[in-house]
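Shown here: target-v8.cif, mmCIF, C-alpha atoms.
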data_coords
#
loop_
_atom_site.group_PDB
_atom_site.id
_atom_site.type_symbol
_atom_site.label_atom_id
_atom_site.label_comp_id
_atom_site.auth_asym_id
_atom_site.auth_seq_id
_atom_site.Cartn_x
_atom_site.Cartn_y
_atom_site.Cartn_z
ATOM 1 C CA MET G 1 97.040 30.988 53.504
ATOM 2 C CA ARG G 2 99.782 28.577 52.464
ATOM 3 C CA THR G 3 101.696 29.660 49.403
ATOM 4 C CA ILE G 4 104.914 28.858 47.561
ATOM 5 C CA VAL G 5 107.370 31.744 47.319
ATOM 6 C CA HIS G 6 110.727 32.268 45.639
ATOM 7 C CA GLU G 7 112.397 35.235 47.264
ATOM 8 C CA SER G 8 115.590 34.704 45.266
ATOM 9 C CA TYR G 9 116.375 33.126 41.905
ATOM 10 C CA GLY G 10 117.572 29.569 42.048
ATOM 11 C CA PRO G 11 116.746 25.872 41.680
ATOM 12 C CA PRO G 12 113.580 24.315 43.144
ATOM 13 C CA GLU G 13 115.339 23.816 46.466
ATOM 14 C CA ALA G 14 115.171 27.587 46.943
ATOM 15 C CA LEU G 15 111.353 27.561 47.065
ATOM 16 C CA ARG G 16 109.645 27.864 50.442
ATOM 17 C CA VAL G 17 106.173 27.122 51.770
ATOM 18 C CA THR G 18 105.061 30.092 53.864
ATOM 19 C CA GLU G 19 101.953 31.558 55.446
ATOM 20 C CA GLN G 20 100.932 34.730 53.615
ATOM 21 C CA PRO G 21 98.015 37.145 54.006
ATOM 22 C CA GLU G 22 95.039 36.367 51.804
ATOM 23 C CA PRO G 23 95.029 38.300 48.500
ATOM 24 C CA SER G 24 93.411 41.713 48.806
ATOM 25 C CA HIS G 25 90.065 42.170 47.110
ATOM 26 C CA ASP G 26 90.347 43.121 43.431
ATOM 27 C CA PRO G 27 87.125 44.704 42.133
ATOM 28 C CA ASP G 28 88.014 43.637 38.592
ATOM 29 C CA GLY G 29 89.206 40.127 39.491
ATOM 30 C CA VAL G 30 88.015 36.766 40.732
ATOM 31 C CA LEU G 31 89.220 35.310 44.022
ATOM 32 C CA LEU G 32 89.655 31.538 43.796
ATOM 33 C CA ARG G 33 89.984 28.806 46.365
ATOM 34 C CA VAL G 34 92.687 26.787 44.602
ATOM 35 C CA ARG G 35 92.035 23.071 44.473
ATOM 36 C CA ALA G 36 94.819 22.192 42.030
ATOM 37 C CA ALA G 37 97.526 23.926 39.998
ATOM 38 C CA GLY G 38 99.360 22.710 36.920
ATOM 39 C CA VAL G 39 103.162 22.780 36.866
ATOM 40 C CA ASN G 40 104.725 24.071 33.654
ATOM 41 C CA ARG G 41 108.303 24.323 32.456
ATOM 42 C CA ALA G 42 107.775 28.083 32.541
ATOM 43 C CA ASP G 43 107.404 27.869 36.319
ATOM 44 C CA ASN G 44 110.925 26.442 36.570
ATOM 45 C CA LEU G 45 112.243 29.195 34.328
ATOM 46 C CA ALA G 46 110.516 31.865 36.413
ATOM 47 C CA ALA G 47 111.951 30.413 39.630
ATOM 48 C CA GLU G 48 115.470 30.532 38.192
ATOM 49 C CA GLY G 49 115.058 33.872 36.438
ATOM 50 C CA ILE G 50 115.906 32.542 32.982
ATOM 51 C CA PRO G 51 116.187 33.428 30.163
ATOM 52 C CA TYR G 52 118.150 36.275 31.701
ATOM 53 C CA LEU G 53 116.450 38.996 29.651
ATOM 54 C CA THR G 54 113.199 38.294 31.531
ATOM 55 C CA ARG G 55 114.778 39.784 34.643
ATOM 56 C CA LEU G 56 114.402 43.252 33.124
ATOM 57 C CA THR G 57 110.720 43.079 34.035
ATOM 58 C CA ALA G 58 110.684 40.343 36.698
ATOM 59 C CA GLY G 59 113.486 41.839 38.787
ATOM 60 C CA MET G 60 117.208 41.930 38.182
ATOM 61 C CA SER G 61 118.744 40.561 41.380
ATOM 62 C CA ARG G 62 115.612 39.089 42.979
ATOM 63 C CA PRO G 63 111.994 38.568 41.912
ATOM 64 C CA LYS G 64 109.718 41.577 42.212
ATOM 65 C CA ARG G 65 106.806 39.197 42.697
ATOM 66 C CA PRO G 66 107.750 36.089 44.676
ATOM 67 C CA LEU G 67 104.628 34.049 43.801
ATOM 68 C CA LEU G 68 104.629 31.228 41.264
ATOM 69 C CA GLY G 69 102.068 29.341 39.197
ATOM 70 C CA THR G 70 99.472 30.241 36.588
ATOM 71 C CA ASP G 71 97.433 27.133 35.641
ATOM 72 C CA VAL G 72 94.606 26.737 38.113
ATOM 73 C CA ALA G 73 91.413 24.853 38.899
ATOM 74 C CA GLY G 74 89.313 25.834 41.856
ATOM 75 C CA VAL G 75 86.154 27.276 43.326
ATOM 76 C CA VAL G 76 85.105 30.915 43.090
ATOM 77 C CA GLU G 77 85.255 32.654 46.487
ATOM 78 C CA ALA G 78 84.421 36.211 45.446
ATOM 79 C CA VAL G 79 83.670 37.960 42.175
ATOM 80 C CA GLY G 80 84.477 41.504 41.083
ATOM 81 C CA SER G 81 82.279 43.608 38.867
ATOM 82 C CA ALA G 82 84.028 42.472 35.695
ATOM 83 C CA ARG G 83 82.816 38.846 35.959
ATOM 84 C CA ALA G 84 79.071 38.951 36.388
ATOM 85 C CA ASP G 85 78.808 35.558 34.672
ATOM 86 C CA LEU G 86 80.477 33.865 37.647
ATOM 87 C CA GLU G 87 79.396 33.636 41.256
ATOM 88 C CA PRO G 88 80.770 32.164 44.486
ATOM 89 C CA GLY G 89 80.706 28.376 44.425
ATOM 90 C CA ASP G 90 81.316 28.017 40.685
ATOM 91 C CA GLU G 91 83.990 25.497 39.712
ATOM 92 C CA VAL G 92 86.387 26.920 37.133
ATOM 93 C CA LEU G 93 89.707 26.419 35.396
ATOM 94 C CA GLY G 94 92.056 28.805 33.653
ATOM 95 C CA TRP G 95 94.922 31.097 34.546
ATOM 96 C CA ALA G 96 95.534 32.987 37.779
ATOM 97 C CA ASP G 97 98.332 34.950 39.396
ATOM 98 C CA GLY G 98 100.167 32.977 42.066
ATOM 99 C CA ALA G 99 98.334 29.684 41.564
ATOM 100 C CA PHE G 100 100.779 27.798 43.798
ATOM 101 C CA ALA G 101 98.779 28.802 46.867
ATOM 102 C CA GLU G 102 95.521 28.107 48.667
ATOM 103 C CA LEU G 103 93.964 31.305 47.293
ATOM 104 C CA ALA G 104 94.715 33.126 44.040
ATOM 105 C CA VAL G 105 93.346 36.020 42.012
ATOM 106 C CA ALA G 106 92.432 35.503 38.365
ATOM 107 C CA ARG G 107 92.478 38.221 35.770
ATOM 108 C CA PRO G 108 89.217 38.990 33.917
ATOM 109 C CA GLY G 109 88.447 36.802 30.953
ATOM 110 C CA LEU G 110 90.883 33.981 31.765
ATOM 111 C CA LEU G 111 88.508 31.527 33.443
ATOM 112 C CA VAL G 112 86.018 29.013 32.062
ATOM 113 C CA ARG G 113 83.667 26.670 33.857
ATOM 114 C CA LYS G 114 85.132 23.301 34.755
ATOM 115 C CA PRO G 115 83.515 20.338 32.989
ATOM 116 C CA SER G 116 81.740 18.272 35.639
ATOM 117 C CA ALA G 117 83.372 15.060 34.387
ATOM 118 C CA LEU G 118 86.860 16.357 35.217
ATOM 119 C CA THR G 119 88.504 16.243 38.602
ATOM 120 C CA PHE G 120 90.195 19.431 39.767
ATOM 121 C CA GLU G 121 93.557 17.780 39.118
ATOM 122 C CA GLN G 122 92.612 17.000 35.533
ATOM 123 C CA ALA G 123 91.225 20.492 35.037
ATOM 124 C CA ALA G 124 94.415 22.152 36.309
ATOM 125 C CA ALA G 125 96.389 20.143 33.745
ATOM 126 C CA VAL G 126 94.555 21.736 30.834
ATOM 127 C CA PRO G 127 95.141 25.489 30.375
ATOM 128 C CA THR G 128 98.702 26.193 29.215
ATOM 129 C CA ALA G 129 99.570 22.781 27.748
ATOM 130 C CA ALA G 130 96.316 22.286 25.837
ATOM 131 C CA VAL G 131 96.187 25.859 24.551
ATOM 132 C CA THR G 132 99.822 25.658 23.421
ATOM 133 C CA ALA G 133 98.988 22.480 21.496
ATOM 134 C CA TRP G 134 95.906 24.148 19.985
ATOM 135 C CA GLN G 135 97.885 27.214 18.901
ATOM 136 C CA ALA G 136 100.676 25.107 17.404
ATOM 137 C CA LEU G 137 98.273 23.011 15.343
ATOM 138 C CA HIS G 138 96.492 26.131 14.094
ATOM 139 C CA LYS G 139 99.652 27.573 12.576
ATOM 140 C CA VAL G 140 98.222 26.195 9.303
ATOM 141 C CA ASP G 141 94.985 27.482 7.788
ATOM 142 C CA SER G 142 93.280 24.130 7.307
ATOM 143 C CA LEU G 143 93.961 21.050 9.421
ATOM 144 C CA LYS G 144 91.546 18.393 8.234
ATOM 145 C CA GLY G 145 93.307 15.689 6.249
ATOM 146 C CA ARG G 146 96.796 16.983 7.011
ATOM 147 C CA HIS G 147 99.626 14.764 8.238
ATOM 148 C CA VAL G 148 101.249 16.125 11.405
ATOM 149 C CA LEU G 149 104.461 15.043 13.113
ATOM 150 C CA VAL G 150 104.561 15.715 16.870
ATOM 151 C CA LEU G 151 108.056 15.665 18.372
ATOM 152 C CA GLY G 152 107.755 15.081 22.119
ATOM 153 C CA ALA G 153 104.348 13.433 21.855
ATOM 154 C CA SER G 154 104.371 11.935 25.354
ATOM 155 C CA GLY G 155 104.973 15.199 27.225
ATOM 156 C CA GLY G 156 102.544 17.709 28.674
ATOM 157 C CA VAL G 157 101.871 19.590 25.430
ATOM 158 C CA GLY G 158 102.458 16.585 23.195
ATOM 159 C CA THR G 159 99.737 14.422 24.738
ATOM 160 C CA PHE G 160 97.265 17.220 24.016
ATOM 161 C CA ALA G 161 98.619 17.817 20.502
ATOM 162 C CA VAL G 162 98.055 14.187 19.547
ATOM 163 C CA GLN G 163 94.492 14.144 20.884
ATOM 164 C CA ILE G 164 93.480 17.558 19.555
ATOM 165 C CA GLY G 165 94.940 16.709 16.169
ATOM 166 C CA LYS G 166 92.890 13.528 15.945
ATOM 167 C CA ALA G 167 89.753 15.344 17.106
ATOM 168 C CA LEU G 168 90.240 17.836 14.262
ATOM 169 C CA GLY G 169 90.662 15.180 11.574
ATOM 170 C CA VAL G 170 94.459 15.083 11.349
ATOM 171 C CA GLU G 171 96.694 12.107 10.604
ATOM 172 C CA VAL G 172 99.160 12.137 13.506
ATOM 173 C CA THR G 173 102.612 10.633 13.806
ATOM 174 C CA GLY G 174 103.906 10.905 17.366
ATOM 175 C CA VAL G 175 107.553 10.630 18.393
ATOM 176 C CA ALA G 176 108.453 9.305 21.836
ATOM 177 C CA SER G 177 110.874 7.033 23.675
ATOM 178 C CA THR G 178 110.505 3.269 23.834
ATOM 179 C CA ARG G 179 108.739 3.330 27.205
ATOM 180 C CA ASN G 180 106.189 5.889 25.978
ATOM 181 C CA ARG G 181 105.206 4.364 22.631
ATOM 182 C CA ASP G 182 102.133 2.615 24.028
ATOM 183 C CA LEU G 183 100.973 5.798 25.746
ATOM 184 C CA VAL G 184 101.157 7.810 22.525
ATOM 185 C CA ARG G 185 99.391 5.059 20.606
ATOM 186 C CA SER G 186 96.632 4.946 23.240
ATOM 187 C CA LEU G 187 96.000 8.663 22.666
ATOM 188 C CA GLY G 188 94.996 7.927 19.078
ATOM 189 C CA ALA G 189 98.213 8.507 17.124
ATOM 190 C CA ASP G 190 98.084 6.853 13.711
ATOM 191 C CA HIS G 191 101.825 6.150 13.758
ATOM 192 C CA VAL G 192 104.382 6.131 16.583
ATOM 193 C CA LEU G 193 108.113 6.514 16.078
ATOM 194 C CA ASP G 194 110.739 5.642 18.671
ATOM 195 C CA TYR G 195 113.469 8.266 18.609
ATOM 196 C CA THR G 196 115.920 5.813 20.200
ATOM 197 C CA ARG G 197 115.548 3.390 17.273
ATOM 198 C CA ASP G 198 113.938 5.099 14.290
ATOM 199 C CA ASP G 199 115.410 7.706 11.962
ATOM 200 C CA ILE G 200 112.794 10.374 12.550
ATOM 201 C CA PHE G 201 113.974 12.604 9.720
ATOM 202 C CA ALA G 202 114.528 9.961 7.054
ATOM 203 C CA ALA G 203 111.127 10.401 5.353
ATOM 204 C CA ALA G 204 111.706 13.508 3.229
ATOM 205 C CA GLY G 205 108.610 15.454 2.249
ATOM 206 C CA ARG G 206 106.183 13.361 4.300
ATOM 207 C CA TYR G 207 104.473 15.853 6.628
ATOM 208 C CA ASP G 208 102.340 18.954 6.187
ATOM 209 C CA LEU G 209 103.052 20.202 9.715
ATOM 210 C CA VAL G 210 105.733 19.500 12.316
ATOM 211 C CA VAL G 211 105.113 20.506 15.931
ATOM 212 C CA ASP G 212 108.560 20.483 17.547
ATOM 213 C CA LEU G 213 108.288 20.415 21.337
ATOM 214 C CA VAL G 214 111.854 19.213 21.856
ATOM 215 C CA GLY G 215 114.164 21.417 19.830
ATOM 216 C CA ARG G 216 117.203 19.158 19.439
ATOM 217 C CA GLU G 217 117.491 18.627 15.670
ATOM 218 C CA PRO G 218 119.115 21.373 13.543
ATOM 219 C CA LEU G 219 116.362 23.180 11.675
ATOM 220 C CA ALA G 220 118.229 23.019 8.368
ATOM 221 C CA SER G 221 117.941 19.229 8.344
ATOM 222 C CA ALA G 222 114.722 18.772 10.324
ATOM 223 C CA ARG G 223 112.600 20.843 7.956
ATOM 224 C CA ARG G 224 113.292 18.416 5.090
ATOM 225 C CA VAL G 225 110.607 16.040 6.392
ATOM 226 C CA LEU G 226 108.055 18.678 5.369
ATOM 227 C CA ARG G 227 106.290 18.730 2.059
ATOM 228 C CA PRO G 228 106.910 21.823 -0.082
ATOM 229 C CA GLY G 229 104.884 24.586 1.517
ATOM 230 C CA GLY G 230 104.664 22.719 4.834
ATOM 231 C CA THR G 231 104.982 24.384 8.212
ATOM 232 C CA TYR G 232 107.519 23.681 10.977
ATOM 233 C CA VAL G 233 106.403 25.083 14.340
ATOM 234 C CA VAL G 234 109.195 25.677 16.854
ATOM 235 C CA VAL G 235 107.745 25.380 20.361
ATOM 236 C CA GLY G 236 110.572 23.895 22.425
ATOM 237 C CA GLY G 237 114.217 24.855 22.653
ATOM 238 C CA PRO G 238 117.023 23.170 24.565
ATOM 239 C CA ASN G 239 118.925 26.180 25.913
ATOM 240 C CA PRO G 240 117.004 28.642 28.123
ATOM 241 C CA ARG G 241 120.226 29.559 29.970
ATOM 242 C CA SER G 242 121.086 32.347 27.597
ATOM 243 C CA LEU G 243 120.330 36.041 27.319
ATOM 244 C CA THR G 244 116.995 35.629 25.514
ATOM 245 C CA GLY G 245 116.442 31.848 25.296
ATOM 246 C CA ALA G 246 115.137 32.537 21.797
ATOM 247 C CA GLY G 247 118.064 31.439 19.643
ATOM 248 C CA ARG G 248 116.146 28.617 17.970
ATOM 249 C CA PHE G 249 113.157 30.888 17.378
ATOM 250 C CA LEU G 250 115.437 33.476 15.778
ATOM 251 C CA ARG G 251 117.079 30.880 13.548
ATOM 252 C CA ALA G 252 113.663 29.723 12.352
ATOM 253 C CA GLY G 253 112.705 33.251 11.382
ATOM 254 C CA LEU G 254 115.988 33.877 9.573
ATOM 255 C CA LEU G 255 115.938 30.582 7.657
ATOM 256 C CA SER G 256 112.262 30.585 6.672
ATOM 257 C CA PRO G 257 112.441 33.116 3.783
ATOM 258 C CA TRP G 258 115.145 31.081 2.059
ATOM 259 C CA VAL G 259 113.553 27.618 2.014
ATOM 260 C CA ARG G 260 110.457 26.038 0.489
ATOM 261 C CA GLN G 261 108.821 25.482 3.857
ATOM 262 C CA ARG G 262 107.533 27.876 6.481
ATOM 263 C CA LEU G 263 109.498 27.840 9.751
ATOM 264 C CA THR G 264 107.677 29.686 12.500
ATOM 265 C CA PRO G 265 108.193 30.118 16.247
ATOM 266 C CA LEU G 266 105.288 29.828 18.652
ATOM 267 C CA PHE G 267 105.127 32.096 21.670
ATOM 268 C CA ALA G 268 102.064 30.625 23.357
ATOM 269 C CA THR G 269 99.608 33.065 24.935
ATOM 270 C CA GLN G 270 96.826 32.848 27.506
ATOM 271 C CA ASP G 271 94.033 32.687 24.948
ATOM 272 C CA ARG G 272 90.496 32.408 26.345
ATOM 273 C CA SER G 273 88.961 31.566 22.961
ATOM 274 C CA ALA G 274 91.415 28.683 22.438
ATOM 275 C CA LEU G 275 90.734 27.471 25.981
ATOM 276 C CA ASP G 276 87.007 27.484 25.213
ATOM 277 C CA GLN G 277 87.610 25.313 22.145
ATOM 278 C CA VAL G 278 89.759 22.857 24.069
ATOM 279 C CA VAL G 279 87.249 22.601 26.924
ATOM 280 C CA ARG G 280 84.523 21.769 24.387
ATOM 281 C CA LEU G 281 86.632 18.837 23.202
ATOM 282 C CA VAL G 282 87.255 17.801 26.805
ATOM 283 C CA THR G 283 83.551 18.008 27.598
ATOM 284 C CA ALA G 284 82.797 15.829 24.566
ATOM 285 C CA GLY G 285 85.277 13.250 25.850
ATOM 286 C CA THR G 286 87.491 13.375 22.759
ATOM 287 C CA VAL G 287 90.400 14.997 24.626
ATOM 288 C CA LEU G 288 91.441 14.075 28.166
ATOM 289 C CA PRO G 289 94.383 15.277 30.259
ATOM 290 C CA VAL G 290 97.123 12.761 30.990
ATOM 291 C CA ILE G 291 98.330 13.089 34.585
ATOM 292 C CA ASP G 292 101.805 11.754 35.274
ATOM 293 C CA ALA G 293 102.164 12.773 38.930
ATOM 294 C CA THR G 294 100.323 14.688 41.637
ATOM 295 C CA TYR G 295 102.117 16.434 44.506
ATOM 296 C CA ASP G 296 100.883 18.228 47.594
ATOM 297 C CA LEU G 297 101.475 21.973 47.593
ATOM 298 C CA ARG G 298 104.177 21.601 50.255
ATOM 299 C CA ASP G 299 106.103 19.346 47.864
ATOM 300 C CA ALA G 300 106.219 21.914 45.066
ATOM 301 C CA PRO G 301 110.045 21.834 44.907
ATOM 302 C CA ASP G 302 109.900 18.108 44.136
ATOM 303 C CA ALA G 303 107.255 18.701 41.459
ATOM 304 C CA LEU G 304 109.292 21.421 39.742
ATOM 305 C CA ARG G 305 112.421 19.298 39.925
ATOM 306 C CA TYR G 306 110.574 16.433 38.243
ATOM 307 C CA VAL G 307 109.276 18.673 35.460
ATOM 308 C CA ALA G 308 112.727 20.197 34.948
ATOM 309 C CA ALA G 309 114.193 16.726 34.341
ATOM 310 C CA GLY G 310 112.195 16.618 31.100
ATOM 311 C CA HIS G 311 110.822 13.072 31.248
ATOM 312 C CA THR G 312 107.210 13.578 32.250
ATOM 313 C CA ARG G 313 104.450 11.495 30.691
ATOM 314 C CA GLY G 314 101.717 14.091 30.398
ATOM 315 C CA ARG G 315 101.216 16.661 33.137
ATOM 316 C CA VAL G 316 102.310 17.260 36.717
ATOM 317 C CA VAL G 317 99.858 18.835 39.163
ATOM 318 C CA LEU G 318 99.901 20.315 42.671
ATOM 319 C CA THR G 319 96.957 19.947 45.037
ATOM 320 C CA ALA G 320 96.255 22.658 47.608
#
Could you write out this structure as structure tokens?
Amino acid sequence: MRTIVHESYGPPEALRVTEQPEPSHDPDGVLLRVRAAGVNRADNLAAEGIPYLTRLTAGMSRPKRPLLGTDVAGVVEAVGSARADLEPGDEVLGWADGAFAELAVARPGLLVRKPSALTFEQAAAVPTAAVTAWQALHKVDSLKGRHVLVLGASGGVGTFAVQIGKALGVEVTGVASTRNRDLVRSLGADHVLDYTRDDIFAAAGRYDLVVDLVGREPLASARRVLRPGGTYVVVGGPNPRSLTGAGRFLRAGLLSPWVRQRLTPLFATQDRSALDQVVRLVTAGTVLPVIDATYDLRDAPDALRYVAAGHTRGRVVLTA
């Protein structure tokens, strides 16, 4: 099968398309014929081996496992004993190991059936980005009627955060560049701010929840846009080229006990229950993936390079 490998840490140019043996049968797994795979920022970080602390488990001088990709949409080829609810021919989406390939193995409990209205490309755009948005929004106990500020509203996670927020009864203000204002507005945002023109943090005490997918503003000043008791969710950070890449997360935890708002980091997880909830919204037509670009598997280096540049409008997808 064709697969993308990174045999050494480095930029996207270091990736290679190679022919590899098909994955061996896993009695507790699901073998998928990959039709599409979503490209996440985490894939770039894994290819480069950053933050550097991750190399303790991934391999110090070179990757222990040279395969990339987790977000997947495809067709079931074979089913192990752990997934009696699936059978060959079923169309699914979720997370798999080594999704940047023609075949991949999924771990038990991380697949759901693909809504028939979605293409495989749209389905592959859902798992990590939509679940991250869902988890960020649910950092508060009750969402309905809240006012949420989404920083980075036109990106992969942001486009889902705006739509999921509206589906759950939230008043959403999205922040984007001039060229992306219309996109964010088309997703249902009640208000759109242009970070190149507007003072995003001028409205003190306006929001109940801030979902920060960018991580540029100092937390000490950014949190002032929250109402007393509001929650600031740190999802993005600008500096992964450090030992842990978690400096902004650490600062949020240290500052939170001393201010009137709650500052909390989000370490998104592969959550099947959250994926189920998101897919219900997708099936109902209230949430739809935004696809910026689609690349063939052989052009994976170009896709990762594009994602790394940080200017995507929605999601980037590979097709196998």
Any chance you could work out the residue set of the PyMOL selection byres ((chain G and resi 53-70) around 8) here, as a PyMOL selection string?
chain G and resi 3-9+37-39+43+46-47+49-52+71-72+95-100+243-244
Given the selection you just returned, output its residues as a file containing C-alpha atoms, formatted as an mmCIF file, in the coordinates of the input.
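Output contents, as saved in out.cif:
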data_model
loop_
_atom_site.group_PDB
_atom_site.id
_atom_site.type_symbol
_atom_site.label_atom_id
_atom_site.label_comp_id
_atom_site.auth_asym_id
_atom_site.auth_seq_id
_atom_site.Cartn_x
_atom_site.Cartn_y
_atom_site.Cartn_z
ATOM 1 C CA THR G 3 101.696 29.660 49.403
ATOM 2 C CA ILE G 4 104.914 28.858 47.561
ATOM 3 C CA VAL G 5 107.370 31.744 47.319
ATOM 4 C CA HIS G 6 110.727 32.268 45.639
ATOM 5 C CA GLU G 7 112.397 35.235 47.264
ATOM 6 C CA SER G 8 115.590 34.704 45.266
ATOM 7 C CA TYR G 9 116.375 33.126 41.905
ATOM 8 C CA ALA G 37 97.526 23.926 39.998
ATOM 9 C CA GLY G 38 99.360 22.710 36.920
ATOM 10 C CA VAL G 39 103.162 22.780 36.866
ATOM 11 C CA ASP G 43 107.404 27.869 36.319
ATOM 12 C CA ALA G 46 110.516 31.865 36.413
ATOM 13 C CA ALA G 47 111.951 30.413 39.630
ATOM 14 C CA GLY G 49 115.058 33.872 36.438
ATOM 15 C CA ILE G 50 115.906 32.542 32.982
ATOM 16 C CA PRO G 51 116.187 33.428 30.163
ATOM 17 C CA TYR G 52 118.150 36.275 31.701
ATOM 18 C CA ASP G 71 97.433 27.133 35.641
ATOM 19 C CA VAL G 72 94.606 26.737 38.113
ATOM 20 C CA TRP G 95 94.922 31.097 34.546
ATOM 21 C CA ALA G 96 95.534 32.987 37.779
ATOM 22 C CA ASP G 97 98.332 34.950 39.396
ATOM 23 C CA GLY G 98 100.167 32.977 42.066
ATOM 24 C CA ALA G 99 98.334 29.684 41.564
ATOM 25 C CA PHE G 100 100.779 27.798 43.798
ATOM 26 C CA LEU G 243 120.330 36.041 27.319
ATOM 27 C CA THR G 244 116.995 35.629 25.514
#
Compile the contact shell of range 290-300 of chain G as a VMD selection string: residues with an atom at most 6 Å away, counting all atoms listed in the file, same-chain residues fewer than 2 positions apart removed.
chain G and resid 302 to 303 313 to 320
When you draw a straight line from CA of Ser221 in chain G to CA of Ala203 in chain G, how long is it in Å?
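Atom-to-atom, CA of Ser221 in chain G and CA of Ala203 in chain G are spaced 11.5 Å apart.
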Interface rows for range 102-145 of chain G against range 267-284 of chain G: nearest pair, Å to one decimal, 9 Å, only C-alpha atoms, as JSON lines:
{"residue": "G:Gly109", "atom": "CA", "partner": "G:Arg272", "partner_atom": "CA", "distance": 6.7}
{"residue": "G:Leu110", "atom": "CA", "partner": "G:Arg272", "partner_atom": "CA", "distance": 5.7}
{"residue": "G:Leu111", "atom": "CA", "partner": "G:Arg272", "partner_atom": "CA", "distance": 7.4}
{"residue": "G:Val112", "atom": "CA", "partner": "G:Asp276", "partner_atom": "CA", "distance": 7.1}
{"residue": "G:Arg113", "atom": "CA", "partner": "G:Val279", "partner_atom": "CA", "distance": 8.8}
{"residue": "G:Lys114", "atom": "CA", "partner": "G:Val279", "partner_atom": "CA", "distance": 8.1}
{"residue": "G:Pro115", "atom": "CA", "partner": "G:Thr283", "partner_atom": "CA", "distance": 5.9}
{"residue": "G:Ser116", "atom": "CA", "partner": "G:Thr283", "partner_atom": "CA", "distance": 8.2}
{"residue": "G:Ala117", "atom": "CA", "partner": "G:Thr283", "partner_atom": "CA", "distance": 7.4}
{"residue": "G:Leu118", "atom": "CA", "partner": "G:Thr283", "partner_atom": "CA", "distance": 8.5}
{"residue": "G:Val126", "atom": "CA", "partner": "G:Val279", "partner_atom": "CA", "distance": 8.3}
{"residue": "G:Pro127", "atom": "CA", "partner": "G:Leu275", "partner_atom": "CA", "distance": 6.5}
{"residue": "G:Thr128", "atom": "CA", "partner": "G:Gln270", "partner_atom": "CA", "distance": 7.1}
{"residue": "G:Ala130", "atom": "CA", "partner": "G:Val278", "partner_atom": "CA", "distance": 6.8}
{"residue": "G:Val131", "atom": "CA", "partner": "G:Leu275", "partner_atom": "CA", "distance": 5.9}
{"residue": "G:Thr132", "atom": "CA", "partner": "G:Ala268", "partner_atom": "CA", "distance": 5.4}
{"residue": "G:Ala133", "atom": "CA", "partner": "G:Ala268", "partner_atom": "CA", "distance": 8.9}
{"residue": "G:Trp134", "atom": "CA", "partner": "G:Ala274", "partner_atom": "CA", "distance": 6.8}
{"residue": "G:Gln135", "atom": "CA", "partner": "G:Ala268", "partner_atom": "CA", "distance": 7.0}
{"residue": "G:Ala136", "atom": "CA", "partner": "G:Ala268", "partner_atom": "CA", "distance": 8.2}
Set the distance at 7 Å and use all atoms listed in the file: which residues neighbour Val210 in chain G once local chain neighbours fewer than 6 positions away are removed? I'd like the list as a ChimeraX atom specification.
/G:148-150,231-233
Name the residues, using the chain letters and numbers of the file, that sit within 7 Å of (90.5, 21.0, 45.3) when counting only C-alpha atoms, and give them as a compact mmCIF listing (two decimals) with C-alpha atoms, in the coordinates of the input.
# COMPACT_ATOMS: atom_id res chain seq x y z
CA VAL G 34 92.69 26.79 44.60
CA ARG G 35 92.04 23.07 44.47
CA ALA G 36 94.82 22.19 42.03
CA GLY G 74 89.31 25.83 41.86
CA PHE G 120 90.20 19.43 39.77
CA THR G 319 96.96 19.95 45.04
CA ALA G 320 96.26 22.66 47.61
Which residue out of G:Arg216, G:Arg179, G:Arg248, G:Arg305 has the minimum interatomic distance to Pro12 in chain G when only C-alpha atoms are used?
G:Arg305
Suppose you want the space between CA of Asp198 in chain G and CA of Asp182 in chain G; what is it in Å?
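The value is 15.5 Å.
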Name the residues captured by the PyMOL selection byres ((chain G and resi 224-229) around 12) when it is applied to the shown file; answer as a count of residues only.
36
Show which residues sit within 9 Å of Ala189 in chain G, as a tab-separated table (two decimals) with C-alpha atoms, in the frame of the given file. Count only C-alpha atoms, and ignore same-chain residues fewer than 5 positions away.
chain	number	residue	atom	x	y	z
G	162	VAL	CA	98.06	14.19	19.55
G	163	GLN	CA	94.49	14.14	20.88
G	165	GLY	CA	94.94	16.71	16.17
G	166	LYS	CA	92.89	13.53	15.94
G	171	GLU	CA	96.69	12.11	10.60
G	172	VAL	CA	99.16	12.14	13.51
G	173	THR	CA	102.61	10.63	13.81
G	174	GLY	CA	103.91	10.90	17.37
G	184	VAL	CA	101.16	7.81	22.52
Counting only C-alpha atoms, the residue of G:Val92, G:Ala246, G:Leu15, G:Leu254 that sits nearest Gln122 in chain G
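Closest to Gln122 in chain G, using only C-alpha atoms: G:Val92.
You will find CA of Leu31 in chain G at 15.1 Å from CA of Arg2 in chain G.
For the point (109.5, 22.6, 22.5) in file coordinates, the residues within 9 Å, using only C-alpha atoms, are Leu151, Gly152, Val157, Val211, Asp212, Leu213, Val214, Gly215, Arg216, Val234, Val235, Gly236, Gly237 and Pro238 of chain G.
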Keeping only C-alpha atoms, write the selected residues as a JSON list (two decimals), in the coordinates of the input.
[["chain", "number", "residue", "atom", "x", "y", "z"],
["G", 151, "LEU", "CA", 108.06, 15.66, 18.37],
["G", 152, "GLY", "CA", 107.76, 15.08, 22.12],
["G", 157, "VAL", "CA", 101.87, 19.59, 25.43],
["G", 211, "VAL", "CA", 105.11, 20.51, 15.93],
["G", 212, "ASP", "CA", 108.56, 20.48, 17.55],
["G", 213, "LEU", "CA", 108.29, 20.42, 21.34],
["G", 214, "VAL", "CA", 111.85, 19.21, 21.86],
["G", 215, "GLY", "CA", 114.16, 21.42, 19.83],
["G", 216, "ARG", "CA", 117.20, 19.16, 19.44],
["G", 234, "VAL", "CA", 109.20, 25.68, 16.85],
["G", 235, "VAL", "CA", 107.74, 25.38, 20.36],
["G", 236, "GLY", "CA", 110.57, 23.90, 22.42],
["G", 237, "GLY", "CA", 114.22, 24.86, 22.65],
["G", 238, "PRO", "CA", 117.02, 23.17, 24.56]]
